[in-house]
Amino acid sequence: MALDDKRDKKGLSFTPMMIEEDSVRNGRGLSDQWADTMVVRPRTTERHITVHKKLVLGFAISILALIIVTIIAVLLSVRFEECATGSEGSHRTANSSLLASDAKVPPHSPTASNDASPQKERKEEEEDAKPWLDLRLPTALQPLHYNLMLTTFMDNFTFSGEVGIAIECLNFSRFLVLHADTQLKITRVQLSADGRAAPSALNVTRTFFYPPNQVFVMALSGQLEPQKRYNLRMSYHARIDDDLLGFYRSSYVIDGERRSLAVTQFSPTHARKSFPCFDEPIFKATFKISIKHQKSYVSLSNMPVETTIMEDDGWVTDFFEQTPPMSTYYLAWAVCDFTYRETFTKNDIGVRLYARPDAVRRGSGDYALNITKKLLEFYEDYFKVPYSLPKLDLLAVPKHPYAAMENWGLSVFVEQKMLLDPTVSSIPYLLDVTMVIVHEICHQWFGDLVTPVWWEDVWLKEGFAHYFEYVGTDYLYPGWNMEKQRFLTDVLHEVMLLDGLSSSHPISQEVLQATDIDRVFDWIAYKKGAALIRMLANFMGHQVFQLGLQDYLTTHMFGNAARNDLWNKLSKALQMDGKTINVSDVMDRWTTQMGYPLVTIVRSETVDNILTISQQHFIYDIDAKSRNPELANISYLWKIPLSVAVGNASHMSSSAVIWVSNKTEQHRVHGLDGRSWLLGNINQTGYFRVNYDIRNWRLLIDQLMKNHEVISVGNRAGLIDDAFNLARAGYLPQNIPLEIIRYLSKEKEFLPWHAASRVLYPLDKLLDRTADCSIFNKYVLKQVTPMYAKLGWPTSNLNGSFVQAFYQTEELRRELIMLACSFGSKNCHQQAITLISEWMSSNKNRIPPNVRDIVYCTGVSLMEEDVWEFLWMKFHSSTAVSEKKILLEALTCSDNKNLLNKLLNLSLNSDVVAEQDAIDVIIHVARNPQGRNLAWRFFKDKWTILHSRYGEALFMTTKLVSGVTEFLNTERELNELNDFIRKHGGGEGSTSSFTRAVEIVEANVRWHTLYKEQLFQWLRNSLSS
């Protein structure tokens, strides 16, 4: 800044001083010898030497030559700068001028000698390479330690920072390149070597941001040398924005007063928004953090507070203990006025839950605190690796872009995924909170302790955490059978819908540009990763699998690992168990190929016991390969652990595993005759679908009708899901899945009903605007009514003491009530109206928590506008997070389009609807047949606002795009979607979401064209017979 002021006042012209400034700024400083020639000798000559004409002529020629050389040098310098920075010029701000001054660049920076040495060649090669153009940071430098000092100003939402980075040089380098967002106003850069001031050859001669890769470049006049350590010190300041990423602000209201807080969200690439750093998972380092704040706040970070200094002016500085080696993306800090409750594990790990004072006072965080203690002890025992930090804080915040973030020692949760009141929270809500916590605690090992090398294998942490949601919840609630049952409907069946699209991708995918990094965090990485891990655990054997994981974590703790590191440890565990399976050979095909196989089993019509087994890439749009050359040219083959069993009217045999590697194979299975049926993928442990010849489907349907309990609960759920999806894609006639669900009138288990509801609701959304939709509703209700009538409605408020014993029964009851009310049961409607009317008249809510969402939604859809207004009032007055959530969603159930429009518009007012809840409002309106067109039009009209609000949090954008478009099913709506994409281009980062949306809507339109009449014709015949 001082240099700019100086130049403005003196009005510099093209003089030696100007040449000096440009040469320094461009990293091409003139040597001292040339500087002396230019500045000193001409003046000395003028004062002390008698000028001879020849000398004057020679001097004039020299000056002219020098001017020409200078002009050429400047032009080359400008050309170099243009090449180096690309669009840098348009992004350069006053920040650069400040750096030129505060970096203390000497007026004449020496350069390397003119000798054509190897060192000079290396420098020129590096300069030509322009390392800031690469997505990945150069590997010449390795950060060892960060000393980060922050000062937060909560009155104007700004902060200042000073970061010192100890760096080890591994290869020669004359550039320092690290990540920094352009919103950081960097005011000072200083470099030193081995604790001393940097020699003149290491001065920072030029700095600039390169926004496309979010890096900050420091050019040096000399080279950093291998095996030497350097210290980089940078000062900066920035805003605490409200964009949910980096160091962002939030607020809450208590006793009518709005209070503020600030918290970090750095994953995957947003630490650079808060401090200059090496923001890649591989660059692990230790961190020492201090936070200065007003004394009315507390500060939190990954480690405990080591010392606190109280200052006289009302400020406090907290100094935190040093962290173990860790990546930047799970570094964290927060400044808030929250209170906490605390407990300790048996190994004396302190666990605290921080939340709004009123929530802590009510005990809303007690459940989360108690299960976190149990989970830390569970994981320590399962992995045989102790938790690595002295404490773990759980922080419940009002706003967060995701459900939670696993920051090591300071995990952050959105309030809805942490706080609950047992008197008003349903079992599904409690289950949701439980599983999010189980997921994040697992990350303290998979992700924090052992970190993926690069984002292409993000499933190595997210897949494991998602799988252990079910394993860990089984530990807390053994009777729930989460891994064997609920995993099927909530993970396996759900992700197969996405992975059956031609727009899917492998779970290990290349990351070629910065915008690709956010996109790898999708359900393919989470849920497919979990499904493949579950398949792997089952064909290895759970005990052998566990030993392999223990070895993997022990070997790579505090470091990074890639998928081959995991495969090697699991193969080693198998070898120790006497098995010779090469895990890499099996699993690489599953991780590097998109999609999954459809295994078709055809029984020989002439010879008993002989099967023809074939595999092909399952895809919903069978014609996609003919339209897409890339798909057509790929030969998809997997190594499939196919478990098979033979059954008859009274029993099913034990299963055997057949490894299927070829496109078509023949196998012999004992015990298979004309009266027996065959079942593949026992308990759905494999990540694939199974189809059979029609004869075998008929035998399975007969078995379900006569004695469904011979087939396991998991396989009953699997048959329902496979049949409906095979029919949706055209691999099966439409009547087969409808015939399968006829047996449900006798089904007493929750899982098959849950599987059925998950395929019936989407089919209902495809049909709900057709003239004959009542036929489908009537058929479904015919299957639901017997069990609905038998179980009835809950008669008492369930609380935590009932959860363990009655989970399966109460979840089945809830599923049946939901199906009955959704498909038009008059009894269900009347019961809901009665319950909500009693609440309105008495102002005392006696509706059982486990069915409140169903009652609220049904009441809003069937009753007068005053019910909507009543629930709107209750939404504003309720302090229970879980109750507010279901009240808000119930308001979207109205048939009144004016009310739906009102709610959509209010969703963008963050004082009324939290930003993360606005997406759910829009999606739920889109699921309402009366609101589908309203939500679609609102989405199109407000896209600019929505994309600016959620664009960087791609997980939220994907959810929004999918939720608004997934049930569009007419040619007109498809054309509107394509027109919208052409007009808006999808927006940066959301292209893949719109590609998937188009494919889904095309599939909806195609299904209507090809199969709708076939389905209705069968339904008419079935209901009339």
# chains A, B, ... in the order shown; residues from 1 in each chain; ligands from 1
$ residues_around --residues "stretch 310-325 of chain A" --least-positions-apart "6" --cutoff "9 Å" --atoms "only C-alpha atoms" --output "number ranges by chain"
A: 144-145, 149, 151, 284-304, 388-389, 449, 558-559
$ residues_around --residues "A:Asn1004" --least-positions-apart "3" --cutoff "10 Å" --atoms "only C-alpha atoms" --output "list in words"
Arg728, Leu763, Leu766, Glu966, Phe967, Leu968, Asn969, Thr970, Glu971, Leu974, Val998, Glu999, Ile1000, Val1001, Trp1007, His1008 and Thr1009 of chain A
$ atom_distance --atom1 "atom CA of A:Phe266" --atom2 "atom CA of A:Ser910"
22.6 Å
$ select_by_dssp --residues "stretch 550-676 of chain A" --states "strand (DSSP E)" --output "number ranges by chain"
A: 559-561, 597-603, 610-617, 640-647, 656-660, 664-668
$ residues_around --residues "stretch 845-860 of chain A" --least-positions-apart "2" --cutoff "7 Å" --atoms "only C-alpha atoms" --output "list in words"
Val424, Ser425, Ser426, Ile427, Pro794, Ser796, Asn797, Leu798, Arg814, Met818, His829, Ala832, Ile833, Leu835, Ile836, Trp839, Asn843, Leu862, Met863, Val867, Trp868, Ile886, Ala890, Leu891, Cys893 and Ser894 of chain A
$ write_last_selection --atoms "N, CA, C and O atoms" --output "CSV table (one decimal), in the first residue's frame"
chain,number,residue,atom,x,y,z
A,424,VAL,N,-41.6,-36.0,22.4
A,424,VAL,CA,-42.2,-35.6,21.1
A,424,VAL,C,-41.5,-36.1,19.9
A,424,VAL,O,-41.9,-35.9,18.8
A,425,SER,N,-40.4,-36.9,20.1
A,425,SER,CA,-39.6,-37.4,18.9
A,425,SER,C,-40.1,-38.8,18.6
A,425,SER,O,-40.2,-39.7,19.5
A,426,SER,N,-40.3,-39.1,17.3
A,426,SER,CA,-40.7,-40.4,16.8
A,426,SER,C,-39.5,-41.3,16.8
A,426,SER,O,-38.4,-40.9,16.8
A,427,ILE,N,-39.8,-42.6,16.6
A,427,ILE,CA,-38.7,-43.6,16.4
A,427,ILE,C,-37.9,-43.3,15.2
A,427,ILE,O,-36.7,-43.3,15.2
A,794,PRO,N,-51.5,-46.8,17.5
A,794,PRO,CA,-50.9,-46.8,18.9
A,794,PRO,C,-51.8,-46.1,19.9
A,794,PRO,O,-52.5,-45.2,19.5
A,796,SER,N,-50.8,-45.3,23.1
A,796,SER,CA,-50.1,-44.6,24.2
A,796,SER,C,-48.9,-43.9,23.6
A,796,SER,O,-48.3,-44.3,22.6
A,797,ASN,N,-48.4,-42.8,24.3
A,797,ASN,CA,-47.2,-42.2,23.8
A,797,ASN,C,-46.0,-43.0,24.1
A,797,ASN,O,-45.8,-43.5,25.2
A,798,LEU,N,-45.2,-43.3,23.1
A,798,LEU,CA,-44.0,-44.1,23.3
A,798,LEU,C,-42.9,-43.2,23.7
A,798,LEU,O,-42.8,-42.0,23.3
A,814,ARG,N,-46.5,-48.1,12.1
A,814,ARG,CA,-46.4,-46.8,11.4
A,814,ARG,C,-46.4,-47.0,9.9
A,814,ARG,O,-47.1,-46.2,9.2
A,818,MET,N,-49.2,-45.3,7.5
A,818,MET,CA,-48.8,-44.4,6.4
A,818,MET,C,-49.4,-44.8,5.0
A,818,MET,O,-49.9,-44.1,4.3
A,829,HIS,N,-58.2,-42.0,7.4
A,829,HIS,CA,-58.4,-40.5,7.3
A,829,HIS,C,-59.2,-40.0,8.5
A,829,HIS,O,-58.9,-39.0,9.1
A,832,ALA,N,-57.2,-39.8,11.7
A,832,ALA,CA,-56.3,-38.7,11.7
A,832,ALA,C,-57.0,-37.4,12.0
A,832,ALA,O,-56.6,-36.5,12.8
A,833,ILE,N,-58.2,-37.2,11.4
A,833,ILE,CA,-59.0,-36.0,11.6
A,833,ILE,C,-59.4,-35.9,13.0
A,833,ILE,O,-59.4,-34.8,13.6
A,835,LEU,N,-57.9,-37.1,15.7
A,835,LEU,CA,-56.8,-36.8,16.6
A,835,LEU,C,-56.4,-35.3,16.5
A,835,LEU,O,-56.1,-34.7,17.5
A,836,ILE,N,-56.4,-34.8,15.3
A,836,ILE,CA,-56.0,-33.4,15.1
A,836,ILE,C,-57.1,-32.5,15.6
A,836,ILE,O,-56.8,-31.4,16.1
A,839,TRP,N,-56.7,-32.1,19.4
A,839,TRP,CA,-55.6,-31.3,19.7
A,839,TRP,C,-56.0,-29.8,19.6
A,839,TRP,O,-55.7,-29.0,20.4
A,843,ASN,N,-56.1,-27.9,22.9
A,843,ASN,CA,-54.7,-27.3,22.9
A,843,ASN,C,-53.7,-28.2,23.6
A,843,ASN,O,-52.7,-27.7,24.1
A,862,LEU,N,-56.9,-32.8,4.2
A,862,LEU,CA,-58.3,-33.1,4.1
A,862,LEU,C,-59.2,-32.1,4.8
A,862,LEU,O,-60.4,-31.9,4.5
A,863,MET,N,-58.6,-31.3,5.7
A,863,MET,CA,-59.4,-30.4,6.5
A,863,MET,C,-59.3,-29.0,6.0
A,863,MET,O,-58.7,-28.7,5.0
A,867,VAL,N,-56.8,-25.5,9.8
A,867,VAL,CA,-55.8,-26.5,10.3
A,867,VAL,C,-54.4,-26.1,9.9
A,867,VAL,O,-53.5,-26.2,10.7
A,868,TRP,N,-54.3,-25.6,8.6
A,868,TRP,CA,-53.0,-25.2,8.1
A,868,TRP,C,-52.5,-24.0,9.0
A,868,TRP,O,-51.3,-24.0,9.4
A,886,ILE,N,-41.4,-31.7,11.5
A,886,ILE,CA,-42.5,-32.4,11.0
A,886,ILE,C,-43.7,-31.5,10.8
A,886,ILE,O,-44.5,-31.6,9.9
A,890,ALA,N,-45.5,-31.0,7.2
A,890,ALA,CA,-46.9,-31.2,7.1
A,890,ALA,C,-47.6,-30.1,6.4
A,890,ALA,O,-48.6,-30.3,5.7
A,891,LEU,N,-47.1,-28.9,6.5
A,891,LEU,CA,-47.7,-27.7,5.8
A,891,LEU,C,-47.7,-27.9,4.3
A,891,LEU,O,-48.5,-27.2,3.6
A,893,CYS,N,-48.5,-30.5,2.7
A,893,CYS,CA,-49.5,-31.5,2.3
A,893,CYS,C,-50.8,-30.9,1.8
A,893,CYS,O,-51.7,-31.6,1.4
A,894,SER,N,-51.0,-29.6,1.9
A,894,SER,CA,-52.3,-28.9,1.6
A,894,SER,C,-52.6,-29.1,0.1
A,894,SER,O,-51.8,-29.1,-0.8
$ residues_around --residues "stretch 784-788 of chain A" --least-positions-apart "2" --cutoff "7 Å" --atoms "only C-alpha atoms" --output "list of chain:residue names"
A:Ser745, A:Val780, A:Leu781, A:Lys782, A:Lys790, A:Leu791, A:Gly792, A:Leu816, A:Ile817, A:Ala820
$ write_last_selection --atoms "N, CA, C and O atoms" --output "mmCIF file, in the first residue's frame"
data_model
loop_
_atom_site.group_PDB
_atom_site.id
_atom_site.type_symbol
_atom_site.label_atom_id
_atom_site.label_comp_id
_atom_site.auth_asym_id
_atom_site.auth_seq_id
_atom_site.Cartn_x
_atom_site.Cartn_y
_atom_site.Cartn_z
ATOM 1 N N SER A 745 -50.693 -59.274 2.606
ATOM 2 C CA SER A 745 -51.826 -59.253 3.545
ATOM 3 C C SER A 745 -51.586 -60.182 4.735
ATOM 4 O O SER A 745 -52.252 -60.052 5.775
ATOM 5 N N VAL A 780 -53.576 -51.473 -4.034
ATOM 6 C CA VAL A 780 -52.629 -51.395 -2.909
ATOM 7 C C VAL A 780 -53.383 -51.479 -1.589
ATOM 8 O O VAL A 780 -52.982 -52.202 -0.666
ATOM 9 N N LEU A 781 -54.476 -50.745 -1.492
ATOM 10 C CA LEU A 781 -55.238 -50.731 -0.240
ATOM 11 C C LEU A 781 -55.798 -52.120 0.087
ATOM 12 O O LEU A 781 -55.916 -52.493 1.268
ATOM 13 N N LYS A 782 -56.099 -52.887 -0.931
ATOM 14 C CA LYS A 782 -56.582 -54.259 -0.723
ATOM 15 C C LYS A 782 -55.533 -55.108 -0.009
ATOM 16 O O LYS A 782 -55.877 -55.964 0.829
ATOM 17 N N LYS A 790 -55.553 -55.199 11.717
ATOM 18 C CA LYS A 790 -55.093 -56.056 12.815
ATOM 19 C C LYS A 790 -54.249 -55.289 13.831
ATOM 20 O O LYS A 790 -54.428 -55.456 15.045
ATOM 21 N N LEU A 791 -53.343 -54.431 13.330
ATOM 22 C CA LEU A 791 -52.450 -53.721 14.247
ATOM 23 C C LEU A 791 -53.062 -52.432 14.788
ATOM 24 O O LEU A 791 -52.813 -52.049 15.932
ATOM 25 N N GLY A 792 -53.845 -51.745 13.970
ATOM 26 C CA GLY A 792 -54.502 -50.526 14.429
ATOM 27 C C GLY A 792 -53.533 -49.398 14.721
ATOM 28 O O GLY A 792 -52.391 -49.377 14.257
ATOM 29 N N LEU A 816 -47.823 -49.282 8.088
ATOM 30 C CA LEU A 816 -49.167 -49.623 7.642
ATOM 31 C C LEU A 816 -50.109 -48.426 7.698
ATOM 32 O O LEU A 816 -50.928 -48.213 6.790
ATOM 33 N N ILE A 817 -49.999 -47.626 8.757
ATOM 34 C CA ILE A 817 -50.836 -46.425 8.868
ATOM 35 C C ILE A 817 -50.503 -45.447 7.745
ATOM 36 O O ILE A 817 -51.403 -44.850 7.124
ATOM 37 N N ALA A 820 -51.948 -46.820 4.530
ATOM 38 C CA ALA A 820 -53.411 -46.743 4.544
ATOM 39 C C ALA A 820 -53.883 -45.312 4.293
ATOM 40 O O ALA A 820 -54.777 -45.070 3.466
#
$ residues_around --residues "A:Val163" --least-positions-apart "3" --cutoff "9 Å" --atoms "only C-alpha atoms" --output "PDB file with all heavy atoms, in the first residue's frame"
ATOM      1  N   TYR A 146       1.676 -25.950  11.514  1.00  0.00           N
ATOM      2  CA  TYR A 146       1.044 -24.637  11.385  1.00  0.00           C
ATOM      3  C   TYR A 146       0.910 -24.015  12.772  1.00  0.00           C
ATOM      4  O   TYR A 146       0.472 -24.697  13.721  1.00  0.00           O
ATOM      5  CB  TYR A 146      -0.365 -24.745  10.804  1.00  0.00           C
ATOM      6  CG  TYR A 146      -0.472 -25.206   9.374  1.00  0.00           C
ATOM      7  CD1 TYR A 146      -0.369 -26.556   9.036  1.00  0.00           C
ATOM      8  CD2 TYR A 146      -0.744 -24.301   8.351  1.00  0.00           C
ATOM      9  CE1 TYR A 146      -0.513 -26.986   7.728  1.00  0.00           C
ATOM     10  CE2 TYR A 146      -0.892 -24.723   7.027  1.00  0.00           C
ATOM     11  CZ  TYR A 146      -0.780 -26.067   6.728  1.00  0.00           C
ATOM     12  OH  TYR A 146      -0.929 -26.490   5.431  1.00  0.00           O
ATOM     13  N   ASN A 147       1.248 -22.759  12.878  1.00  0.00           N
ATOM     14  CA  ASN A 147       0.946 -21.981  14.072  1.00  0.00           C
ATOM     15  C   ASN A 147      -0.044 -20.909  13.642  1.00  0.00           C
ATOM     16  O   ASN A 147       0.312 -19.962  12.940  1.00  0.00           O
ATOM     17  CB  ASN A 147       2.218 -21.354  14.646  1.00  0.00           C
ATOM     18  CG  ASN A 147       1.981 -20.755  16.017  1.00  0.00           C
ATOM     19  OD1 ASN A 147       1.098 -21.200  16.746  1.00  0.00           O
ATOM     20  ND2 ASN A 147       2.745 -19.736  16.363  1.00  0.00           N
ATOM     21  N   LEU A 148      -1.312 -21.083  14.028  1.00  0.00           N
ATOM     22  CA  LEU A 148      -2.386 -20.232  13.520  1.00  0.00           C
ATOM     23  C   LEU A 148      -2.961 -19.405  14.657  1.00  0.00           C
ATOM     24  O   LEU A 148      -3.461 -19.950  15.651  1.00  0.00           O
ATOM     25  CB  LEU A 148      -3.474 -21.111  12.888  1.00  0.00           C
ATOM     26  CG  LEU A 148      -4.685 -20.410  12.278  1.00  0.00           C
ATOM     27  CD1 LEU A 148      -4.265 -19.437  11.185  1.00  0.00           C
ATOM     28  CD2 LEU A 148      -5.661 -21.444  11.716  1.00  0.00           C
ATOM     29  N   MET A 149      -2.859 -18.083  14.525  1.00  0.00           N
ATOM     30  CA  MET A 149      -3.365 -17.149  15.541  1.00  0.00           C
ATOM     31  C   MET A 149      -4.508 -16.348  14.940  1.00  0.00           C
ATOM     32  O   MET A 149      -4.329 -15.633  13.946  1.00  0.00           O
ATOM     33  CB  MET A 149      -2.243 -16.228  16.009  1.00  0.00           C
ATOM     34  CG  MET A 149      -1.129 -16.967  16.752  1.00  0.00           C
ATOM     35  SD  MET A 149       0.340 -15.957  17.021  1.00  0.00           S
ATOM     36  CE  MET A 149       1.072 -15.996  15.388  1.00  0.00           C
ATOM     37  N   LEU A 150      -5.696 -16.478  15.532  1.00  0.00           N
ATOM     38  CA  LEU A 150      -6.905 -15.844  15.007  1.00  0.00           C
ATOM     39  C   LEU A 150      -7.451 -14.831  15.998  1.00  0.00           C
ATOM     40  O   LEU A 150      -7.388 -15.035  17.214  1.00  0.00           O
ATOM     41  CB  LEU A 150      -7.975 -16.903  14.741  1.00  0.00           C
ATOM     42  CG  LEU A 150      -7.608 -18.033  13.778  1.00  0.00           C
ATOM     43  CD1 LEU A 150      -8.593 -19.182  13.911  1.00  0.00           C
ATOM     44  CD2 LEU A 150      -7.582 -17.516  12.345  1.00  0.00           C
ATOM     45  N   LEU A 232       7.331 -19.980   6.704  1.00  0.00           N
ATOM     46  CA  LEU A 232       6.555 -18.989   5.971  1.00  0.00           C
ATOM     47  C   LEU A 232       5.580 -18.348   6.941  1.00  0.00           C
ATOM     48  O   LEU A 232       4.864 -19.042   7.664  1.00  0.00           O
ATOM     49  CB  LEU A 232       5.786 -19.663   4.824  1.00  0.00           C
ATOM     50  CG  LEU A 232       4.833 -18.771   4.021  1.00  0.00           C
ATOM     51  CD1 LEU A 232       5.608 -17.692   3.266  1.00  0.00           C
ATOM     52  CD2 LEU A 232       4.003 -19.615   3.058  1.00  0.00           C
ATOM     53  N   ARG A 233       5.555 -17.019   6.954  1.00  0.00           N
ATOM     54  CA  ARG A 233       4.664 -16.293   7.863  1.00  0.00           C
ATOM     55  C   ARG A 233       3.787 -15.362   7.032  1.00  0.00           C
ATOM     56  O   ARG A 233       4.283 -14.591   6.206  1.00  0.00           O
ATOM     57  CB  ARG A 233       5.490 -15.494   8.871  1.00  0.00           C
ATOM     58  CG  ARG A 233       4.760 -15.129  10.131  1.00  0.00           C
ATOM     59  CD  ARG A 233       5.723 -14.525  11.158  1.00  0.00           C
ATOM     60  NE  ARG A 233       5.094 -14.335  12.437  1.00  0.00           N
ATOM     61  CZ  ARG A 233       4.958 -15.280  13.355  1.00  0.00           C
ATOM     62  NH1 ARG A 233       5.430 -16.492  13.110  1.00  0.00           N
ATOM     63  NH2 ARG A 233       4.376 -15.037  14.503  1.00  0.00           N
ATOM     64  N   MET A 234       2.477 -15.442   7.246  1.00  0.00           N
ATOM     65  CA  MET A 234       1.537 -14.645   6.472  1.00  0.00           C
ATOM     66  C   MET A 234       0.498 -14.029   7.399  1.00  0.00           C
ATOM     67  O   MET A 234       0.009 -14.691   8.325  1.00  0.00           O
ATOM     68  CB  MET A 234       0.838 -15.504   5.408  1.00  0.00           C
ATOM     69  CG  MET A 234       1.792 -16.219   4.468  1.00  0.00           C
ATOM     70  SD  MET A 234       0.952 -17.330   3.298  1.00  0.00           S
ATOM     71  CE  MET A 234       0.207 -16.145   2.195  1.00  0.00           C
ATOM     72  N   SER A 235       0.174 -12.772   7.135  1.00  0.00           N
ATOM     73  CA  SER A 235      -0.895 -12.085   7.862  1.00  0.00           C
ATOM     74  C   SER A 235      -2.024 -11.779   6.886  1.00  0.00           C
ATOM     75  O   SER A 235      -1.779 -11.492   5.707  1.00  0.00           O
ATOM     76  CB  SER A 235      -0.374 -10.784   8.487  1.00  0.00           C
ATOM     77  OG  SER A 235       0.679 -11.040   9.387  1.00  0.00           O
ATOM     78  N   TYR A 236      -3.249 -11.788   7.385  1.00  0.00           N
ATOM     79  CA  TYR A 236      -4.400 -11.598   6.509  1.00  0.00           C
ATOM     80  C   TYR A 236      -5.618 -11.232   7.338  1.00  0.00           C
ATOM     81  O   TYR A 236      -5.605 -11.308   8.573  1.00  0.00           O
ATOM     82  CB  TYR A 236      -4.685 -12.874   5.708  1.00  0.00           C
ATOM     83  CG  TYR A 236      -5.080 -14.049   6.573  1.00  0.00           C
ATOM     84  CD1 TYR A 236      -6.422 -14.370   6.774  1.00  0.00           C
ATOM     85  CD2 TYR A 236      -4.119 -14.837   7.226  1.00  0.00           C
ATOM     86  CE1 TYR A 236      -6.803 -15.427   7.581  1.00  0.00           C
ATOM     87  CE2 TYR A 236      -4.487 -15.896   8.035  1.00  0.00           C
ATOM     88  CZ  TYR A 236      -5.822 -16.183   8.211  1.00  0.00           C
ATOM     89  OH  TYR A 236      -6.189 -17.227   9.026  1.00  0.00           O
ATOM     90  N   PHE A 275      -7.707 -19.664   5.979  1.00  0.00           N
ATOM     91  CA  PHE A 275      -6.282 -19.382   6.166  1.00  0.00           C
ATOM     92  C   PHE A 275      -5.499 -19.991   4.998  1.00  0.00           C
ATOM     93  O   PHE A 275      -5.913 -21.014   4.445  1.00  0.00           O
ATOM     94  CB  PHE A 275      -5.774 -19.907   7.509  1.00  0.00           C
ATOM     95  CG  PHE A 275      -5.764 -21.405   7.658  1.00  0.00           C
ATOM     96  CD1 PHE A 275      -4.571 -22.125   7.633  1.00  0.00           C
ATOM     97  CD2 PHE A 275      -6.951 -22.114   7.852  1.00  0.00           C
ATOM     98  CE1 PHE A 275      -4.558 -23.507   7.785  1.00  0.00           C
ATOM     99  CE2 PHE A 275      -6.945 -23.494   8.014  1.00  0.00           C
ATOM    100  CZ  PHE A 275      -5.733 -24.188   7.971  1.00  0.00           C
ATOM    101  N   PRO A 276      -4.383 -19.365   4.605  1.00  0.00           N
ATOM    102  CA  PRO A 276      -3.556 -19.955   3.544  1.00  0.00           C
ATOM    103  C   PRO A 276      -2.976 -21.276   4.028  1.00  0.00           C
ATOM    104  O   PRO A 276      -2.441 -21.368   5.136  1.00  0.00           O
ATOM    105  CB  PRO A 276      -2.461 -18.904   3.326  1.00  0.00           C
ATOM    106  CG  PRO A 276      -2.991 -17.642   3.951  1.00  0.00           C
ATOM    107  CD  PRO A 276      -3.848 -18.087   5.087  1.00  0.00           C
ATOM    108  N   CYS A 277      -3.083 -22.308   3.211  1.00  0.00           N
ATOM    109  CA  CYS A 277      -2.678 -23.630   3.671  1.00  0.00           C
ATOM    110  C   CYS A 277      -2.475 -24.572   2.487  1.00  0.00           C
ATOM    111  O   CYS A 277      -2.843 -24.266   1.355  1.00  0.00           O
ATOM    112  CB  CYS A 277      -3.738 -24.216   4.612  1.00  0.00           C
ATOM    113  SG  CYS A 277      -5.389 -24.323   3.882  1.00  0.00           S
TER     114      CYS A 277
END
$ select_by_dssp --residues "stretch 308-415 of chain A" --states "alpha helix (DSSP H)" --output "MDAnalysis selection string"
chainID A and resid 357:362 366:383
$ residues_around --residues "stretch 663-675 of chain A" --least-positions-apart "6" --cutoff "10 Å" --atoms "only C-alpha atoms" --output "PyMOL selection string"
chain A and resi 599-605+607-616+635-638+644-649+653+656+695-696+699
$ closest_residue --among "A:Ala140, A:Ala935, A:Ala1003, A:Leu1015" --to "A:Asp772" --atoms "only C-alpha atoms"
A:Leu1015
$ atom_distance --atom1 "atom CA of A:Leu176" --atom2 "atom CA of A:Val453"
21.7 Å
